[in-house]
Amino acid sequence: MLKVQAFEVNPFGEMTYLVYDPVSRECAVVDPGMENAREQEMVDSWIAASDLTVKYLVATHLHIDHVWGVPHIKETYGVSLTAHPDDAMLGAMIDAQAQMFGQRRSPGNMKPDIEAADGTVLHLGDNIIRVLHVPGHSPGGIVLYAPASGFVIGGDALFRGSIGRTDLPGGNQAAFLAALRSRLMSLPDDTVVYPGHGPATTIGQERHSNPWLSAR
């Protein structure tokens, strides 16, 4: 089964994740939001101490708080950025996003090197991770579902008691709610959700108590 290591980073309290196979030691860096050298070193040190080999660099979406560390991970580990092509418009305005949120430092505009479409499968050792397209917070928002390991890396799709905002460029609340209900609420109740901000939750907890998704 796959393991998950979380790091809370940057001014937005974004959660950067390492998803790794303890047997092969292969890992995926998901949503590297490390904004400064100290945060980069924190992630690098954990990778080195755990003897991991970085196989994938994945962004669930291309908002600045989830991609600050992309250039560092690409340069340090020689991997390419995997993201959904529908978020290319957000990647082309990373500098503008920095200005929008009053941030002095930008990682620079970027685009997906490898396209992660709905249904794409990633392999870490003998484990698989499925890409699910969940648009609405952003046009190309994705989540990473590890069925055998029982978890989802959810980006800014689903939070404990809430969902991602839809008032940023490319947001669409109607499409978002439809995607959340059809893609995430169809998963087993005991599926753990590791969100882009805040504590972990489960699909069952959100199905029954999230005001955006629970039965009314």
# chains A, B, ... in the order shown; residues from 1 in each chain; ligands from 1
>>> closest_atom_pairs(of="segment 137-167 of chain A", to="segment 13-26 of chain A", cutoff="10 Å", atoms="only C-alpha atoms", output="tab-separated table")
residue	atom	partner	partner_atom	distance
A:Ala146	CA	A:Val19	CA	9.9
A:Ile153	CA	A:Tyr17	CA	8.1
A:Gly155	CA	A:Met15	CA	8.5
A:Asp156	CA	A:Glu14	CA	9.5
>>> residues_around(residues="Lys111 of chain A", least_positions_apart="2", cutoff="8 Å", atoms="only C-alpha atoms", output="list in words")
Leu81, Ala88, Gly91, Ala92, Asn109 and Asp113 of chain A
>>> write_last_selection(atoms="N, CA and C atoms", output="PDB file, in the first residue's frame")
ATOM      1  N   LEU A  81       6.526  18.317 -15.164  1.00  0.00           N
ATOM      2  CA  LEU A  81       5.269  18.663 -14.510  1.00  0.00           C
ATOM      3  C   LEU A  81       4.094  17.982 -15.197  1.00  0.00           C
ATOM      4  N   ALA A  88      -3.916  25.134 -18.394  1.00  0.00           N
ATOM      5  CA  ALA A  88      -2.820  25.860 -19.035  1.00  0.00           C
ATOM      6  C   ALA A  88      -3.013  27.368 -18.943  1.00  0.00           C
ATOM      7  N   GLY A  91      -1.699  28.441 -15.672  1.00  0.00           N
ATOM      8  CA  GLY A  91      -0.250  28.372 -15.665  1.00  0.00           C
ATOM      9  C   GLY A  91       0.388  29.550 -16.378  1.00  0.00           C
ATOM     10  N   ALA A  92      -0.322  30.077 -17.372  1.00  0.00           N
ATOM     11  CA  ALA A  92       0.198  31.211 -18.135  1.00  0.00           C
ATOM     12  C   ALA A  92       0.032  32.537 -17.395  1.00  0.00           C
ATOM     13  N   ASN A 109       5.600  31.872 -14.851  1.00  0.00           N
ATOM     14  CA  ASN A 109       4.547  31.193 -15.603  1.00  0.00           C
ATOM     15  C   ASN A 109       5.023  29.803 -16.028  1.00  0.00           C
ATOM     16  N   ASP A 113       3.977  19.835 -18.664  1.00  0.00           N
ATOM     17  CA  ASP A 113       4.871  19.136 -19.581  1.00  0.00           C
ATOM     18  C   ASP A 113       4.253  17.818 -20.033  1.00  0.00           C
TER      19      ASP A 113
END
>>> closest_residue(among="A:Phe12, A:Pro139, A:Asp167, A:Lys55", to="Gly102 of chain A", atoms="only C-alpha atoms")
A:Phe12
>>> select_by_dssp(residues="segment 60-202 of chain A", states="alpha helix (DSSP H)", output="ChimeraX atom specification")
/A:64-67,70-77,88-91,94-100,173-179
>>> closest_residue(among="A:Leu168, A:Ile114, A:Leu124, A:Leu62", to="Ser149 of chain A", atoms="only C-alpha atoms")
A:Leu124
>>> closest_residue(among="A:Arg183, A:Lys3, A:Val29, A:Thr191", to="Gly119 of chain A", atoms="only C-alpha atoms")
A:Arg183
>>> closest_residue(among="A:Gly69, A:His137, A:Thr53, A:Gly196", to="Arg165 of chain A", atoms="only C-alpha atoms")
A:His137
>>> residues_around(residues="segment 204-206 of chain A", least_positions_apart="3", cutoff="7 Å", atoms="only C-alpha atoms", output="PyMOL selection string")
chain A and resi 160-161+189-190+201+209-210+213-214
>>> atom_distance(atom1="atom CA of Pro211 of chain A", atom2="atom CA of Ile163 of chain A")
9.3 Å
>>> closest_residue(among="A:Gly108, A:Pro32, A:Gly125, A:Gly164", to="Leu90 of chain A", atoms="only C-alpha atoms")
A:Gly108
>>> residues_around(residues="segment 41-47 of chain A", least_positions_apart="3", cutoff="9 Å", atoms="only C-alpha atoms", output="PyMOL selection string")
chain A and resi 7+16+18+27+34+36-38+50-54+73+76
>>> closest_residue(among="A:Leu158, A:Ile94, A:Met110, A:Ala49", to="Lys74 of chain A", atoms="only C-alpha atoms")
A:Met110
>>> residues_around(residues="segment 126-133 of chain A", least_positions_apart="3", cutoff="6 Å", atoms="only C-alpha atoms", output="NGL selection string")
:A and (118-123 or 142-146)
>>> atom_distance(atom1="atom CA of Val9 of chain A", atom2="atom CA of Gln99 of chain A")
19.2 Å
>>> residues_around(residues="Pro112 of chain A", least_positions_apart="5", cutoff="9 Å", atoms="only C-alpha atoms", output="ChimeraX atom specification")
/A:59,80-85,87-88,91
>>> select_by_dssp(residues="segment 9-215 of chain A", states="strand (DSSP E)", output="NGL selection string")
:A and (9 or 14-20 or 26-30 or 53-58 or 81-83 or 114-115 or 121-124 or 127-133 or 142-146 or 151-155 or 158-159 or 162-163 or 192-195 or 201-202)
>>> residues_around(residues="Leu184 of chain A", least_positions_apart="4", cutoff="8 Å", atoms="only C-alpha atoms", output="count of residues only")
3
